[in-house]
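The structure appears right after this line, and notes come after that.
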Amino acid sequence: MTILELEHVSVSYDGIRNAVDDVSFSVQEGEIISLVGESGSGKSTLLHCIQGLLPGGAAARGRITLFGKNMLELSAAERKRMRGEQIAMVFQDTGRYMNPITRIGGQFTSYLKLHLDQSKEELLELERTMLRKVNLEDTERILHSYPFELSGGMRQRVGIAIALSLHPRLLLADEPTSALDVTVQAQVVKELAALCRQEGATIIIVTHNMGVAAHISDKIGVMQSGRLVEWGTVEQVIRHPKEAYTQSLLSAIAELDDTRLLKQKQE
Amino acid sequence: MEPALLELRQVSKTFQTGNTKPVKAVQSVSFEVPSGINTGIVGESGCGKSTLARMITGLTGVTSGEILLNGTRISGLRRSAQRDVYRQVQMVFQDPYSAISPRMPVGTFLTEGLVHFGLISKGDRKEQARKLLELVDLDPQLALRLPHQLSGGQLQRVVIARAISIHPRLVILDEATSALDVSVQKQILSLLVRLQEEFSLTYLFIGHDLAVVRSITEQIFVMKEGSIVERLPSETLQEDARHPYTLQLLSSVFSVKDLS
Ligand SMILES: Nc1ncnc2c1ncn2[C@@H]1O[C@H](COP(=O)(O)OP(=O)(O)O)[C@@H](O)[C@H]1O
Ligand SMILES: Nc1ncnc2c1ncn2[C@@H]1O[C@H](COP(=O)(O)OP(=O)(O)O)[C@@H](O)[C@H]1O
Ligand SMILES: [Mg+2]
Ligand SMILES: [Mg+2]
C-alpha cells in the first residue's frame, strides 16, 4: 500500500530558490528508505516538508499525500494530532532540542504524557525499556541526568528512544546515527530496521553514511542540489549507479582495506 | 632517548555528579605518542575519549596521574603556566559552529591565536587571515564573512587553519570530520596530511569510524569504558586485532563493498 506520495515537490526559502527541486517518489507501507547526499542538497527540507513543517519564509509547491492527507495544506492542529503515534521525528542533534535544565526523565515523561494515559510507574517502565533498546543500560543514571551530563552519542540515543516509544507508523530520521560510534550505529540501525519490520512501520532515514544506507534500506534516493538524481533499490543504486554523482559519493567512502593516506614512516 | 611528544601516565578522571554515583570517565590510561606518529583513539560514545582530550589540552583537570609533553609535566599546572604549554597543543572539535562566536568575522577568528600569543601585530591581521585561508584552499574573500555564511566543511577548514596558525606540535582532532559529508571528509583528511608535512605536526585523531581513523594514523588505541583495551598498528589493524571489543568494532563497519 502506498502511504506517502510526493508529486513535483519544490521548496524555496527566502533568497534560496529550489532548496528542493521537483522531487517525486512514492513510499510503500513498511519500506525502509534512505536519502543520501551532501549537506545542503535538501534532505532535511524534504523531511520537514513530509510532516508539513516548514520554517517561516519557506514556500512549497507540488503535492505530498501522507496517510491520505495533503500535508502541505494541513492545519497546525491536525499536524499536532499526527505527531507521536503517526509520525515521529529523530533529529540530527537531539541535544539542541532538549531542555537544558530538565532531567532526561522529566523530558521523556512529558512527551509520553501528551499521548498516553498511564500511571507514572507504567510510563517509567516504558522509559527504561526504551532506553535499554537503544543500549543505554544504566537507565537510572540516564533518567536522572541533565542533557549536558551525557555525551553527544548518549543524548542521541535518548532522542531515538523517545521517538520510538509511541510506535510511530512513519519515522522520519534526520542523520540519527551520524554522531554515534560504529557499534552503536549497528545496534541502533538494526533496532530501527527490526521495529520497522515487526510493526510494519515505515522509516525514511537521512544519512551521509552510504554503508548504513546500503545495509538497512529497501530503497535509496540520492539528492544533489535539491534534485533527486537517483532513486531505486539498493542493488540498483549501490551496485549499478546510473549517475556519475552517485559513483563519486561511493568512491569517497573510507574502507578498512584502503591504502592509507599516510605512508608508513621508516622507523 | 628523546622523550615522547606526549605521554600519559596512569591518567584518571572521575566526575562527581549530584546525587548519583561518581562517573569514572577515564581510568588509569597510559600511552605514548612519539613525535610525528599520528595516533588514533577509537571507542564507543561515552567511553571517555573527549574527556581524555580535554585533559590533554588542560580544559579539564586530571583526577590522578600525569600528562607529559616533551617529557615535561603539563597536568596540574597553574593557569599562567599553562599558557605556554598550550601554544603547543591545539584542539579541533566536531562542530565548527560552536567553536566560533556567531558574530565574529572569520578573519578575526582566524588570527586571534596569533594576536593572543603576540606572534603578529594587529595591523598584520588582514594579511595573515588571507594567507591562512589560502593555506586551507579557501577563497581569501571569506575573511569578512560570518560563520553561518560558510558551509560546515569550509568552517572546519577555518578552524583547522587557526589551530595550525600558531605552529603547535600536537593537534587533537576530536571527531573533527565525523559530521562532514564523505567527499568533504576525504578532502579534509587530505588537507590534514598536507599540513602535517608542511608544519611537522602530530595528530591525535579521535573518531568512531575505524576506516577513517586508520587512514590517517600509524597507531590506534581502542578505548572502552574509560580504559585502553588494545593498541594496534593502523596498517595491519584488521589482521592484528585480538580484543573482542575491537573485533566487534571491526564487524560493525558498514562497507558498501560486501553487500550480502
Ligand atoms: N531555514 C532556512 N532558511 C533559509 N535557507 C535554508 C533554511 N534551511 C535550509 N536552507 C537552505 O536550503 C538548502 C537545503 O538545505 P537542507 O534541506 O538543510 O539540506 P541537507 O539537509 O541536505 O543538508 C541549503 O541551501 C540551505 O542553506
Ligand atoms: N562535565 C561532566 N560531568 C559529568 N559527567 C561527565 C561530564 N563530561 C563527561 N561526563 C561523563 O563521562 C563519560 C565520558 O564522556 P566523554 O568523554 O564525553 O565520552 P566520549 O567522548 O568517548 O563520547 C560519560 O559517561 C559522560 O556522561
Ligand atoms: Mg540536513
Ligand atoms: Mg566525544
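Identifiers in the C-alpha cells: chain A, B, ... in order shown; residue index from 1 per chain; ligand index from 1 in order shown.
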
Within 10 Å of ligand 1 (only C-alpha atoms and all ligand atoms), residues as a PyMOL selection string: (chain A and resi 11-20+35-49+54-58+92+174-175+206-208+223-226) or (chain B and resi 148-152+181)

Members of segment 211-248 of chain A assigned helix (DSSP H, G or I) by DSSP, as a PyMOL selection string: chain A and resi 211-216+234-239+244-248

Residue among B:Val26, B:Ile100, B:Ile206, B:Leu77 lying closest to ligand 4, counting only C-alpha atoms and all ligand atoms: B:Ile206

Neighbours of chain A in chain B at 6 Å, counting only C-alpha atoms, as a ChimeraX atom specification: /B:44-46,181-183,208,211-212,215-216,249,252,254-256

Suppose we keep N, CA, C and O atoms; can you now write the selection as an mmCIF file, in the first residue's frame?
```cif
data_model
loop_
_atom_site.group_PDB
_atom_site.id
_atom_site.type_symbol
_atom_site.label_atom_id
_atom_site.label_comp_id
_atom_site.auth_asym_id
_atom_site.auth_seq_id
_atom_site.Cartn_x
_atom_site.Cartn_y
_atom_site.Cartn_z
ATOM 1 N N GLU B 44 33.479 3.514 21.824
ATOM 2 C CA GLU B 44 32.056 3.810 21.968
ATOM 3 C C GLU B 44 31.808 5.220 22.520
ATOM 4 O O GLU B 44 32.619 5.726 23.287
ATOM 5 N N SER B 45 30.672 5.809 22.178
ATOM 6 C CA SER B 45 30.377 7.114 22.758
ATOM 7 C C SER B 45 30.235 6.956 24.272
ATOM 8 O O SER B 45 29.680 5.974 24.750
ATOM 9 N N GLY B 46 30.782 7.911 24.990
ATOM 10 C CA GLY B 46 30.736 7.836 26.445
ATOM 11 C C GLY B 46 31.916 7.087 27.043
ATOM 12 O O GLY B 46 32.024 6.968 28.256
ATOM 13 N N ASP B 181 30.227 15.495 5.162
ATOM 14 C CA ASP B 181 29.935 14.603 4.042
ATOM 15 C C ASP B 181 31.186 13.821 3.675
ATOM 16 O O ASP B 181 32.294 14.335 3.804
ATOM 17 N N VAL B 182 30.986 12.596 3.174
ATOM 18 C CA VAL B 182 32.153 11.758 2.872
ATOM 19 C C VAL B 182 33.147 12.433 1.938
ATOM 20 O O VAL B 182 34.357 12.353 2.152
ATOM 21 N N SER B 183 32.640 13.110 0.926
ATOM 22 C CA SER B 183 33.586 13.714 -0.019
ATOM 23 C C SER B 183 34.341 14.864 0.652
ATOM 24 O O SER B 183 35.544 15.047 0.438
ATOM 25 N N HIS B 208 35.105 7.601 15.529
ATOM 26 C CA HIS B 208 34.421 6.336 15.717
ATOM 27 C C HIS B 208 34.377 5.517 14.430
ATOM 28 O O HIS B 208 33.937 4.383 14.443
ATOM 29 N N ALA B 211 37.669 2.978 9.751
ATOM 30 C CA ALA B 211 38.303 3.088 8.441
ATOM 31 C C ALA B 211 38.917 4.479 8.270
ATOM 32 O O ALA B 211 40.018 4.628 7.735
ATOM 33 N N VAL B 212 38.208 5.496 8.745
ATOM 34 C CA VAL B 212 38.718 6.866 8.637
ATOM 35 C C VAL B 212 39.926 7.064 9.547
ATOM 36 O O VAL B 212 40.968 7.581 9.125
ATOM 37 N N SER B 215 42.987 5.507 8.235
ATOM 38 C CA SER B 215 43.565 6.098 7.032
ATOM 39 C C SER B 215 44.600 7.181 7.340
ATOM 40 O O SER B 215 45.458 7.462 6.531
ATOM 41 N N ILE B 216 44.510 7.784 8.525
ATOM 42 C CA ILE B 216 45.375 8.942 8.786
ATOM 43 C C ILE B 216 46.318 8.730 9.968
ATOM 44 O O ILE B 216 47.030 9.638 10.383
ATOM 45 N N LEU B 249 33.963 -3.861 16.999
ATOM 46 C CA LEU B 249 34.053 -2.587 16.264
ATOM 47 C C LEU B 249 34.278 -2.835 14.781
ATOM 48 O O LEU B 249 33.629 -2.229 13.929
ATOM 49 N N SER B 252 31.290 -4.070 12.850
ATOM 50 C CA SER B 252 30.142 -3.197 12.650
ATOM 51 C C SER B 252 30.433 -2.024 11.729
ATOM 52 O O SER B 252 29.681 -1.063 11.674
ATOM 53 N N PHE B 254 30.118 -0.515 8.319
ATOM 54 C CA PHE B 254 29.249 -0.771 7.171
ATOM 55 C C PHE B 254 30.009 -0.478 5.889
ATOM 56 O O PHE B 254 30.301 0.665 5.591
ATOM 57 N N SER B 255 30.314 -1.512 5.171
ATOM 58 C CA SER B 255 31.018 -1.313 3.910
ATOM 59 C C SER B 255 30.005 -1.321 2.774
ATOM 60 O O SER B 255 28.971 -1.964 2.871
ATOM 61 N N VAL B 256 30.305 -0.595 1.708
ATOM 62 C CA VAL B 256 29.418 -0.698 0.547
ATOM 63 C C VAL B 256 29.929 -1.770 -0.415
ATOM 64 O O VAL B 256 29.338 -2.029 -1.441
#
```

Which of segment 125-203 of chain B DSSP labels strand (DSSP E), written as a ChimeraX atom specification: /B:170-174,202-203

Within 12 Å of Ala161 of chain A using only C-alpha atoms, minus same-chain residues under 2 positions, as a VMD selection string: chain A and resid 88 to 91 94 104 to 105 107 to 108 111 to 112 126 to 136 139 142 to 143 154 to 159 163 to 168 176 188 191 to 192 195

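Shortest separation to ligand 3 among A:Val189, A:Val23, A:Ala173, A:Met98 occurs at residue A:Ala173, atoms counted being only C-alpha atoms and all ligand atoms.
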
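Here atom CA of Ile56 of chain B and atom CA of Lys186 of chain B stand 26.5 Å from one another.
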
Counting only C-alpha atoms and all ligand atoms, which residues of chain B sit at most 9 Å from some atom of ligand 4, and what is each one's closest atom pair with its distance in Å to one decimal, listed by chain and rising residue number, as a tab-separated table?
```
residue	atom	partner	partner_atom_place_in_ligand_line	distance
B:Ser45	CA	ligand 4	1 (Mg)	6.4
B:Gly46	CA	ligand 4	1 (Mg)	6.8
B:Cys47	CA	ligand 4	1 (Mg)	8.2
B:Gly48	CA	ligand 4	1 (Mg)	7.1
B:Lys49	CA	ligand 4	1 (Mg)	5.5
B:Ser50	CA	ligand 4	1 (Mg)	4.1
B:Thr51	CA	ligand 4	1 (Mg)	7.3
B:Ala53	CA	ligand 4	1 (Mg)	8.7
B:Phe93	CA	ligand 4	1 (Mg)	8.9
B:Gln94	CA	ligand 4	1 (Mg)	8.6
B:Asp174	CA	ligand 4	1 (Mg)	6.7
B:Glu175	CA	ligand 4	1 (Mg)	7.0
B:Ile206	CA	ligand 4	1 (Mg)	8.2
B:Gly207	CA	ligand 4	1 (Mg)	8.3
```

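Rounded to one decimal, atom CA of Leu66 of chain A and atom CA of Thr109 of chain A lie 28.1 Å from each other.
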
Residues near Glu127 of chain B, cut-off 12 Å, only C-alpha atoms, skip fewer than 3 positions along chain, as a PyMOL selection string: chain B and resi 107-108+110-111+120-124+130-134+140-141+143

Between atom CA of Gln156 of chain B and atom CA of Phe31 of chain B - distance in Å to one decimal: 28.0 Å

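When only C-alpha atoms and all ligand atoms are used to measure the gap to ligand 2, the shortest distance among B:Tyr245, B:Phe15, B:Phe117, B:Tyr86 belongs to B:Phe15.
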